[in-house]
$ cat my_file_17.tsv   # TSV, C-alpha atoms
chain	number	residue	atom	x	y	z
A	34	MET	CA	0.11	-14.76	19.73
A	35	VAL	CA	-1.85	-13.54	16.71
A	36	SER	CA	-3.70	-10.26	17.06
A	37	PHE	CA	-6.17	-8.84	14.56
A	38	MET	CA	-4.57	-8.43	11.14
A	39	ARG	CA	-6.35	-7.04	8.11
A	40	VAL	CA	-5.29	-8.02	4.59
A	41	ILE	CA	-5.43	-5.12	2.12
A	42	GLY	CA	-5.61	-6.03	-1.55
A	43	VAL	CA	-3.18	-4.20	-3.82
A	44	ILE	CA	-4.04	-2.77	-7.24
A	45	ASP	CA	-1.15	-1.34	-9.27
A	46	LEU	CA	-2.44	0.69	-12.21
A	47	LEU	CA	-0.22	1.42	-15.21
A	48	ASP	CA	-1.49	2.75	-18.56
A	49	GLY	CA	-5.03	1.95	-17.49
A	50	LEU	CA	-4.32	-1.68	-16.61
A	51	ALA	CA	-3.96	-3.59	-13.35
A	52	VAL	CA	-0.42	-4.93	-13.45
A	53	HIS	CA	1.66	-7.43	-11.50
A	54	ALA	CA	4.40	-5.54	-9.70
A	55	ARG	CA	7.81	-7.17	-9.29
A	56	ALA	CA	10.76	-5.65	-7.43
A	57	GLY	CA	9.79	-2.10	-8.38
A	58	ASN	CA	10.94	-2.55	-12.00
A	59	ARG	CA	7.93	-0.75	-13.45
A	60	THR	CA	8.94	-1.00	-17.11
A	61	SER	CA	8.58	-4.79	-16.92
A	62	TYR	CA	5.20	-5.04	-15.20
A	63	GLU	CA	2.68	-7.30	-16.97
A	64	PRO	CA	-1.14	-7.18	-16.81
A	65	VAL	CA	-2.78	-9.36	-14.18
A	66	ARG	CA	-4.51	-12.23	-15.97
A	67	ALA	CA	-5.77	-14.49	-13.16
A	68	ILE	CA	-6.44	-14.62	-9.46
A	69	ALA	CA	-6.05	-17.90	-7.56
A	70	GLY	CA	-6.24	-19.88	-10.78
A	71	SER	CA	-9.34	-18.16	-12.16
A	72	PRO	CA	-8.74	-16.03	-15.27
A	73	ILE	CA	-9.82	-12.42	-15.52
A	74	PRO	CA	-9.66	-10.15	-18.58
A	75	ALA	CA	-6.03	-9.06	-18.85
A	76	GLY	CA	-5.43	-5.99	-16.70
A	77	ASP	CA	-9.10	-5.51	-15.77
A	78	ALA	CA	-8.86	-3.67	-12.46
A	79	VAL	CA	-12.58	-3.86	-11.68
A	80	ALA	CA	-12.59	-7.63	-12.20
A	81	LEU	CA	-9.54	-7.93	-9.94
A	82	VAL	CA	-11.23	-5.92	-7.17
A	83	ARG	CA	-14.39	-8.00	-7.44
A	84	ALA	CA	-12.29	-11.15	-7.10
A	85	TYR	CA	-10.59	-9.73	-4.02
A	86	VAL	CA	-13.98	-8.96	-2.50
A	87	ASP	CA	-15.92	-12.06	-3.58
A	88	ARG	CA	-13.22	-14.71	-3.21
A	89	PHE	CA	-11.29	-13.40	-0.23
A	90	GLY	CA	-13.77	-11.16	1.56
A	91	LEU	CA	-11.46	-8.14	1.42
A	92	CYS	CA	-12.94	-4.77	2.26
A	93	GLU	CA	-9.94	-2.48	1.79
A	94	LEU	CA	-7.71	-1.68	-1.17
A	95	TYR	CA	-4.36	0.01	-1.67
A	96	VAL	CA	-4.30	1.52	-5.14
A	97	ALA	CA	-1.05	2.78	-6.67
A	98	ASP	CA	-1.58	5.05	-9.65
A	99	LEU	CA	1.82	4.37	-11.19
A	100	ASP	CA	1.23	6.85	-13.99
A	101	ALA	CA	0.80	9.66	-11.47
A	102	ILE	CA	3.79	8.44	-9.44
A	103	LEU	CA	5.90	8.50	-12.61
A	104	GLY	CA	4.80	12.05	-13.40
A	105	LYS	CA	2.38	11.14	-16.19
A	106	THR	CA	-1.37	11.84	-16.41
A	107	PRO	CA	-3.18	10.55	-13.30
A	108	GLN	CA	-5.84	7.90	-13.86
A	109	HIS	CA	-8.75	9.75	-12.28
A	110	ASP	CA	-11.46	7.91	-14.24
A	111	ALA	CA	-10.09	4.48	-13.34
A	112	ILE	CA	-9.86	5.46	-9.68
A	113	ARG	CA	-13.45	6.72	-9.69
A	114	GLY	CA	-14.58	3.40	-11.14
A	115	LEU	CA	-12.84	1.47	-8.37
A	116	SER	CA	-14.11	3.79	-5.64
A	117	SER	CA	-17.70	2.98	-6.65
A	118	LEU	CA	-17.17	-0.61	-5.47
A	119	PRO	CA	-17.91	-1.63	-1.83
A	120	VAL	CA	-14.37	-1.13	-0.48
A	121	THR	CA	-12.30	1.35	1.48
A	122	LEU	CA	-9.73	2.76	-0.91
A	123	GLY	CA	-6.33	4.21	-0.07
A	124	LEU	CA	-4.72	6.01	-3.01
A	125	ASP	CA	-1.03	6.56	-3.69
A	126	ALA	CA	-0.82	8.92	-6.66
A	127	GLY	CA	2.46	10.79	-6.25
A	128	ILE	CA	0.91	13.13	-3.70
A	129	SER	CA	3.19	15.90	-2.49
A	130	SER	CA	0.84	18.87	-1.96
A	131	VAL	CA	-2.52	19.78	-0.49
A	132	VAL	CA	-3.91	20.26	-4.01
A	133	GLN	CA	-2.87	16.77	-5.07
A	134	ALA	CA	-4.28	15.28	-1.86
A	135	ARG	CA	-7.62	16.97	-2.48
A	136	ARG	CA	-7.66	15.53	-5.99
A	137	ALA	CA	-7.24	12.06	-4.50
A	138	PHE	CA	-10.41	12.55	-2.48
A	139	ASP	CA	-12.19	14.03	-5.50
A	140	SER	CA	-11.35	10.77	-7.31
A	141	GLY	CA	-13.13	8.82	-4.59
A	142	ALA	CA	-10.26	7.83	-2.27
A	143	SER	CA	-11.20	7.05	1.32
A	144	TYR	CA	-7.76	8.19	2.45
A	145	ALA	CA	-4.74	9.67	0.71
A	146	ILE	CA	-1.30	8.06	0.76
A	147	VAL	CA	1.72	10.35	0.74
A	148	GLY	CA	4.75	8.37	-0.44
A	149	LEU	CA	8.32	9.13	0.52
A	150	GLU	CA	9.40	8.37	-3.05
A	151	THR	CA	7.61	11.45	-4.39
A	152	LEU	CA	7.46	13.68	-1.29
A	153	SER	CA	9.28	16.97	-1.83
A	154	THR	CA	9.75	17.98	1.82
A	155	PHE	CA	8.42	16.99	5.22
A	156	ALA	CA	6.93	20.48	5.45
A	157	ALA	CA	4.63	19.42	2.60
A	158	LEU	CA	3.48	16.44	4.66
A	159	ASP	CA	2.84	18.76	7.61
A	160	GLN	CA	0.68	20.98	5.39
A	161	ILE	CA	-1.28	18.05	3.97
A	162	CYS	CA	-2.06	16.63	7.41
A	163	LEU	CA	-3.03	20.06	8.73
A	164	ALA	CA	-5.29	20.89	5.80
A	165	LEU	CA	-7.06	17.55	5.44
A	166	GLY	CA	-6.69	16.02	8.88
A	167	GLY	CA	-4.04	13.46	9.71
A	168	GLU	CA	-6.72	10.84	10.28
A	169	HIS	CA	-7.29	10.88	6.51
A	170	ILE	CA	-3.60	10.52	5.60
A	171	ALA	CA	-1.28	7.52	5.42
A	172	PHE	CA	2.43	7.98	4.94
A	173	SER	CA	4.25	5.39	2.86
A	174	LEU	CA	7.81	4.76	4.00
A	175	ASP	CA	9.19	3.72	0.61
A	176	LEU	CA	12.31	1.56	0.75
A	177	ARG	CA	14.49	-0.47	-1.55
A	178	GLU	CA	16.44	-3.24	0.18
A	179	GLY	CA	15.94	-1.40	3.44
A	180	ASN	CA	17.22	1.93	2.11
A	181	THR	CA	14.97	4.96	1.89
A	182	ILE	CA	13.80	6.29	-1.48
A	183	GLY	CA	13.11	9.94	-2.26
A	184	PRO	CA	14.59	13.40	-1.68
A	185	ALA	CA	12.79	14.18	1.58
A	186	GLY	CA	14.41	11.27	3.39
A	187	PHE	CA	17.98	11.81	2.29
A	188	GLY	CA	20.39	11.12	5.12
A	189	LEU	CA	17.75	9.84	7.56
A	190	THR	CA	17.15	6.31	8.75
A	191	ALA	CA	13.87	4.54	8.06
A	192	ALA	CA	12.94	4.67	11.74
A	193	ASP	CA	13.72	8.42	11.91
A	194	ILE	CA	11.49	9.07	8.90
A	195	ALA	CA	8.68	7.00	10.40
A	196	ALA	CA	8.85	9.02	13.60
A	197	ARG	CA	8.87	12.28	11.60
A	198	ALA	CA	5.76	11.22	9.67
A	199	ALA	CA	3.96	10.40	12.90
A	200	GLN	CA	4.97	13.83	14.22
A	201	SER	CA	3.32	15.38	11.14
A	202	GLY	CA	0.05	13.79	12.22
A	203	ALA	CA	-0.32	10.97	9.69
A	204	ALA	CA	-2.54	8.41	11.38
A	205	ALA	CA	-1.25	5.45	9.36
A	206	LEU	CA	2.21	4.36	8.30
A	207	ILE	CA	2.92	1.98	5.43
A	208	VAL	CA	6.32	0.28	5.38
A	209	LEU	CA	6.87	-0.76	1.76
A	210	ASP	CA	10.09	-2.30	0.44
A	211	LEU	CA	9.84	-2.20	-3.35
A	212	ALA	CA	12.67	-4.71	-3.81
A	213	ARG	CA	10.53	-7.33	-2.05
A	214	VAL	CA	7.31	-6.64	-3.96
A	215	GLY	CA	6.19	-9.66	-5.98
A	216	MET	CA	9.36	-11.59	-5.14
A	217	ALA	CA	8.03	-13.94	-2.41
A	218	THR	CA	11.06	-13.25	-0.23
A	219	GLY	CA	9.10	-12.39	2.91
A	220	PRO	CA	8.92	-9.03	4.69
A	221	ASP	CA	11.73	-7.47	6.71
A	222	PHE	CA	10.30	-8.46	10.09
A	223	ASP	CA	13.15	-7.00	12.16
A	224	GLY	CA	12.98	-3.65	10.39
A	225	ILE	CA	9.21	-3.50	10.76
A	226	ALA	CA	9.41	-4.32	14.47
A	227	THR	CA	11.95	-1.52	14.92
A	228	ILE	CA	9.63	0.96	13.22
A	229	ARG	CA	6.72	-0.18	15.38
A	230	ARG	CA	8.74	0.57	18.51
A	231	ARG	CA	9.46	4.10	17.22
A	232	THR	CA	5.83	4.72	16.20
A	233	PRO	CA	3.60	2.96	18.75
A	234	ASP	CA	0.49	5.06	18.17
A	235	VAL	CA	-0.06	4.88	14.39
A	236	ARG	CA	-1.84	2.25	12.32
A	237	LEU	CA	1.04	0.20	10.92
A	238	ILE	CA	0.76	-1.48	7.52
A	239	ALA	CA	3.49	-3.63	5.98
A	240	GLY	CA	3.96	-4.36	2.29
A	241	GLY	CA	6.37	-6.26	0.09
A	242	GLY	CA	7.09	-9.98	-0.03
A	243	VAL	CA	4.16	-11.46	1.94
A	244	ARG	CA	3.99	-15.15	1.01
A	245	SER	CA	1.83	-17.04	3.47
A	246	ARG	CA	-0.34	-17.18	6.56
A	247	GLU	CA	2.84	-17.58	8.58
A	248	ASP	CA	4.13	-14.24	7.26
A	249	LEU	CA	0.88	-12.57	8.26
A	250	VAL	CA	1.08	-14.07	11.74
A	251	ARG	CA	4.66	-12.83	12.14
A	252	LEU	CA	3.66	-9.33	10.99
A	253	ALA	CA	0.85	-9.30	13.53
A	254	ASP	CA	3.35	-10.33	16.20
A	255	CYS	CA	5.59	-7.43	15.08
A	256	GLY	CA	2.70	-5.08	15.87
A	257	CYS	CA	1.28	-4.57	12.38
A	258	ASP	CA	-2.39	-3.79	11.97
A	259	ALA	CA	-2.59	-4.73	8.29
A	260	ALA	CA	-0.60	-6.09	5.37
A	261	LEU	CA	-0.57	-5.15	1.70
A	262	VAL	CA	-0.88	-8.26	-0.46
A	263	ALA	CA	-1.08	-8.80	-4.20
A	264	THR	CA	1.00	-11.69	-5.56
A	265	ALA	CA	0.14	-14.19	-2.81
A	266	LEU	CA	-3.57	-13.62	-3.47
A	267	GLN	CA	-3.23	-13.66	-7.23
A	268	ASN	CA	-1.22	-16.90	-7.36
A	269	GLY	CA	-3.19	-18.69	-4.65
A	270	GLN	CA	-0.47	-18.84	-1.98
A	271	LEU	CA	-2.95	-17.21	0.40
A	272	SER	CA	-6.46	-18.58	0.68
A	273	ALA	CA	-9.70	-17.07	1.90
A	274	GLU	CA	-9.27	-19.24	5.00
A	275	ASP	CA	-5.86	-17.67	5.65
A	276	VAL	CA	-7.36	-14.20	5.35
A	277	ARG	CA	-10.18	-15.08	7.75
A	278	PHE	CA	-7.75	-16.68	10.20
A	279	VAL	CA	-5.63	-13.58	10.72
A	280	ALA	CA	-8.68	-11.30	10.80
A	281	ALA	CA	-10.41	-13.35	13.49

$ encode --input "my_file_17.tsv" --output "structure tokens"
Amino acid sequence: MVSFMRVIGVIDLLDGLAVHARAGNRTSYEPVRAIAGSPIPAGDAVALVRAYVDRFGLCELYVADLDAILGKTPQHDAIRGLSSLPVTLGLDAGISSVVQARRAFDSGASYAIVGLETLSTFAALDQICLALGGEHIAFSLDLREGNTIGPAGFGLTAADIAARAAQSGAAALIVLDLARVGMATGPDFDGIATIRRRTPDVRLIAGGGVRSREDLVRLADCGCDAALVATALQNGQLSAEDVRFVAA
């Protein structure tokens, strides 16, 4: 049975451009040039957001500032421009401290995303949730082919890390397998269902590999509250009707 499922549009920013992410190989990302067959100016993030909103009725975005994640200059101006649009905006910008989390909100983020890939220690996540309120924090469980990424999660299983993030107070949990991003392979439904059983009380968001309405239905049946989607919206595999169906 399908429960409510929200589709969250993904914007990956690199060198000031909205790019098409594929398998986490960031050096090969190309600017987004069209959405569902309609061209947009190459890499124009604002145009991409407007297409998400106008064509698909989306009201929430996941924005990855890849420059910040890679240790380069964060794209504060670009984020501010996107935050002025009528959407809820979650920002992943390599956040690993209270100071960095506050900067995310200063840039206009509705909530800050702390990613396992760039998290120094779980104590840092504890401090961020305490200082800013866990209801304003999402933790991204970053994986590659089911294996955890980042120093803080060394030696722990994905489910153990998810439970630890919930213990820190993060109100939302994103399960994101970079190897599946942009590859149309489908999500890891079994892994996601396992994580839902370990973390029954958080908002659960899945990302990586979503191809179709059927994938969204299966994620809802796994207990997900939302799904991150980019490629399937940009290439027309998902329609506005599909988005409305799972949100009904």

$ residues_around --input "my_file_17.tsv" --residues "His109 of chain A" --least-positions-apart "2" --cutoff "10 Å" --atoms "all atoms listed in the file" --output "PDB file with C-alpha atoms, in the frame of the given file"
ATOM      1  CA  ASP A  98      -1.580   5.050  -9.650  1.00  0.00           C
ATOM      2  CA  ALA A 101       0.800   9.660 -11.470  1.00  0.00           C
ATOM      3  CA  THR A 106      -1.370  11.840 -16.410  1.00  0.00           C
ATOM      4  CA  PRO A 107      -3.180  10.550 -13.300  1.00  0.00           C
ATOM      5  CA  ALA A 111     -10.090   4.480 -13.340  1.00  0.00           C
ATOM      6  CA  ILE A 112      -9.860   5.460  -9.680  1.00  0.00           C
ATOM      7  CA  ARG A 113     -13.450   6.720  -9.690  1.00  0.00           C
ATOM      8  CA  GLY A 114     -14.580   3.400 -11.140  1.00  0.00           C
ATOM      9  CA  ALA A 126      -0.820   8.920  -6.660  1.00  0.00           C
ATOM     10  CA  ARG A 136      -7.660  15.530  -5.990  1.00  0.00           C
ATOM     11  CA  ALA A 137      -7.240  12.060  -4.500  1.00  0.00           C
ATOM     12  CA  ASP A 139     -12.190  14.030  -5.500  1.00  0.00           C
ATOM     13  CA  SER A 140     -11.350  10.770  -7.310  1.00  0.00           C
ATOM     14  CA  GLY A 141     -13.130   8.820  -4.590  1.00  0.00           C
TER      15      GLY A 141
END

$ closest_residue --input "my_file_17.tsv" --among "A:Ala185, A:Gly49, A:Arg246, A:Asp258" --to "Lys105 of chain A" --atoms "all atoms listed in the file"
A:Gly49

$ closest_atom_pairs --input "my_file_17.tsv" --of "segment 124-158 of chain A" --to "segment 209-218 of chain A" --cutoff "12 Å" --atoms "only C-alpha atoms" --output "tab-separated table"
residue	atom	partner	partner_atom	distance
A:Gly148	CA	A:Leu209	CA	9.6
A:Leu149	CA	A:Leu209	CA	10.1
A:Glu150	CA	A:Leu211	CA	10.6

$ atom_distance --input "my_file_17.tsv" --atom1 "atom CA of Arg277 of chain A" --atom2 "atom CA of Arg236 of chain A"
19.8 Å

$ closest_residue --input "my_file_17.tsv" --among "A:Leu206, A:Ala69, A:Val40, A:Ala97" --to "His169 of chain A" --atoms "only C-alpha atoms"
A:Leu206

$ closest_residue --input "my_file_17.tsv" --among "A:Pro233, A:Ile225, A:Asp48, A:Gln267" --to "Ala253 of chain A" --atoms "all atoms listed in the file"
A:Ile225

$ residues_around --input "my_file_17.tsv" --residues "Thr151 of chain A" --least-positions-apart "3" --cutoff "8 Å" --atoms "only C-alpha atoms" --output "PyMOL selection string"
chain A and resi 102+127-129+147-148+183-184

$ atom_distance --input "my_file_17.tsv" --atom1 "atom CA of Gly241 of chain A" --atom2 "atom CA of Val132 of chain A"
28.7 Å

$ closest_residue --input "my_file_17.tsv" --among "A:Asp223, A:Thr264, A:Ile41, A:Glu274" --to "Val65 of chain A" --atoms "all atoms listed in the file"
A:Thr264

$ atom_distance --input "my_file_17.tsv" --atom1 "atom CA of Gly167 of chain A" --atom2 "atom CA of Ser201 of chain A"
7.7 Å

$ residues_near_point --input "my_file_17.tsv" --point "(9.1, -2.9, 9.0)" --cutoff "9 Å" --atoms "all atoms listed in the file" --output "PDB file with C-alpha atoms, in the coordinates of the input"
ATOM      1  CA  GLY A 179      15.940  -1.400   3.440  1.00  0.00           C
ATOM      2  CA  ALA A 191      13.870   4.540   8.060  1.00  0.00           C
ATOM      3  CA  ALA A 192      12.940   4.670  11.740  1.00  0.00           C
ATOM      4  CA  ILE A 207       2.920   1.980   5.430  1.00  0.00           C
ATOM      5  CA  VAL A 208       6.320   0.280   5.380  1.00  0.00           C
ATOM      6  CA  LEU A 209       6.870  -0.760   1.760  1.00  0.00           C
ATOM      7  CA  ASP A 210      10.090  -2.300   0.440  1.00  0.00           C
ATOM      8  CA  PRO A 220       8.920  -9.030   4.690  1.00  0.00           C
ATOM      9  CA  ASP A 221      11.730  -7.470   6.710  1.00  0.00           C
ATOM     10  CA  PHE A 222      10.300  -8.460  10.090  1.00  0.00           C
ATOM     11  CA  ASP A 223      13.150  -7.000  12.160  1.00  0.00           C
ATOM     12  CA  GLY A 224      12.980  -3.650  10.390  1.00  0.00           C
ATOM     13  CA  ILE A 225       9.210  -3.500  10.760  1.00  0.00           C
ATOM     14  CA  ALA A 226       9.410  -4.320  14.470  1.00  0.00           C
ATOM     15  CA  THR A 227      11.950  -1.520  14.920  1.00  0.00           C
ATOM     16  CA  ILE A 228       9.630   0.960  13.220  1.00  0.00           C
ATOM     17  CA  ARG A 229       6.720  -0.180  15.380  1.00  0.00           C
ATOM     18  CA  LEU A 237       1.040   0.200  10.920  1.00  0.00           C
ATOM     19  CA  ILE A 238       0.760  -1.480   7.520  1.00  0.00           C
ATOM     20  CA  ALA A 239       3.490  -3.630   5.980  1.00  0.00           C
ATOM     21  CA  GLY A 240       3.960  -4.360   2.290  1.00  0.00           C
ATOM     22  CA  LEU A 252       3.660  -9.330  10.990  1.00  0.00           C
ATOM     23  CA  CYS A 255       5.590  -7.430  15.080  1.00  0.00           C
ATOM     24  CA  CYS A 257       1.280  -4.570  12.380  1.00  0.00           C
TER      25      CYS A 257
END

$ residues_around --input "my_file_17.tsv" --residues "Tyr144 of chain A" --least-positions-apart "2" --cutoff "8 Å" --atoms "only C-alpha atoms" --output "number ranges by chain"
A: 122-124, 137-138, 142, 146, 169-171

$ closest_atom_pairs --input "my_file_17.tsv" --of "segment 124-189 of chain A" --to "segment 56-59 of chain A" --cutoff "12 Å" --atoms "all atoms listed in the file" --output "tab-separated table"
residue	atom	partner	partner_atom	distance
A:Glu150	CA	A:Gly57	CA	11.8
A:Asp175	CA	A:Gly57	CA	10.7
A:Leu176	CA	A:Gly57	CA	10.2
A:Arg177	CA	A:Gly57	CA	8.4
A:Glu178	CA	A:Ala56	CA	9.8
A:Ile182	CA	A:Gly57	CA	11.6

$ write_last_selection --input "my_file_17.tsv" --atoms "C-alpha atoms" --output "short mmCIF file (atom, residue, chain, number, x, y, z; two decimals), in the frame of the given file"
data_model
loop_
_atom_site.label_atom_id
_atom_site.label_comp_id
_atom_site.auth_asym_id
_atom_site.auth_seq_id
_atom_site.Cartn_x
_atom_site.Cartn_y
_atom_site.Cartn_z
CA GLU A 150 9.40 8.37 -3.05
CA ASP A 175 9.19 3.72 0.61
CA LEU A 176 12.31 1.56 0.75
CA ARG A 177 14.49 -0.47 -1.55
CA GLU A 178 16.44 -3.24 0.18
CA ILE A 182 13.80 6.29 -1.48
#

$ residues_around --input "my_file_17.tsv" --residues "Asn268 of chain A" --least-positions-apart "3" --cutoff "9 Å" --atoms "all atoms listed in the file" --output "VMD selection string"
chain A and resid 67 to 70 263 to 265 271

$ closest_residue --input "my_file_17.tsv" --among "A:Gly242, A:Ser116, A:Val279, A:Gly104" --to "Val262 of chain A" --atoms "only C-alpha atoms"
A:Gly242

$ closest_residue --input "my_file_17.tsv" --among "A:Arg244, A:Arg55, A:Arg83, A:Arg230" --to "Leu115 of chain A" --atoms "only C-alpha atoms"
A:Arg83
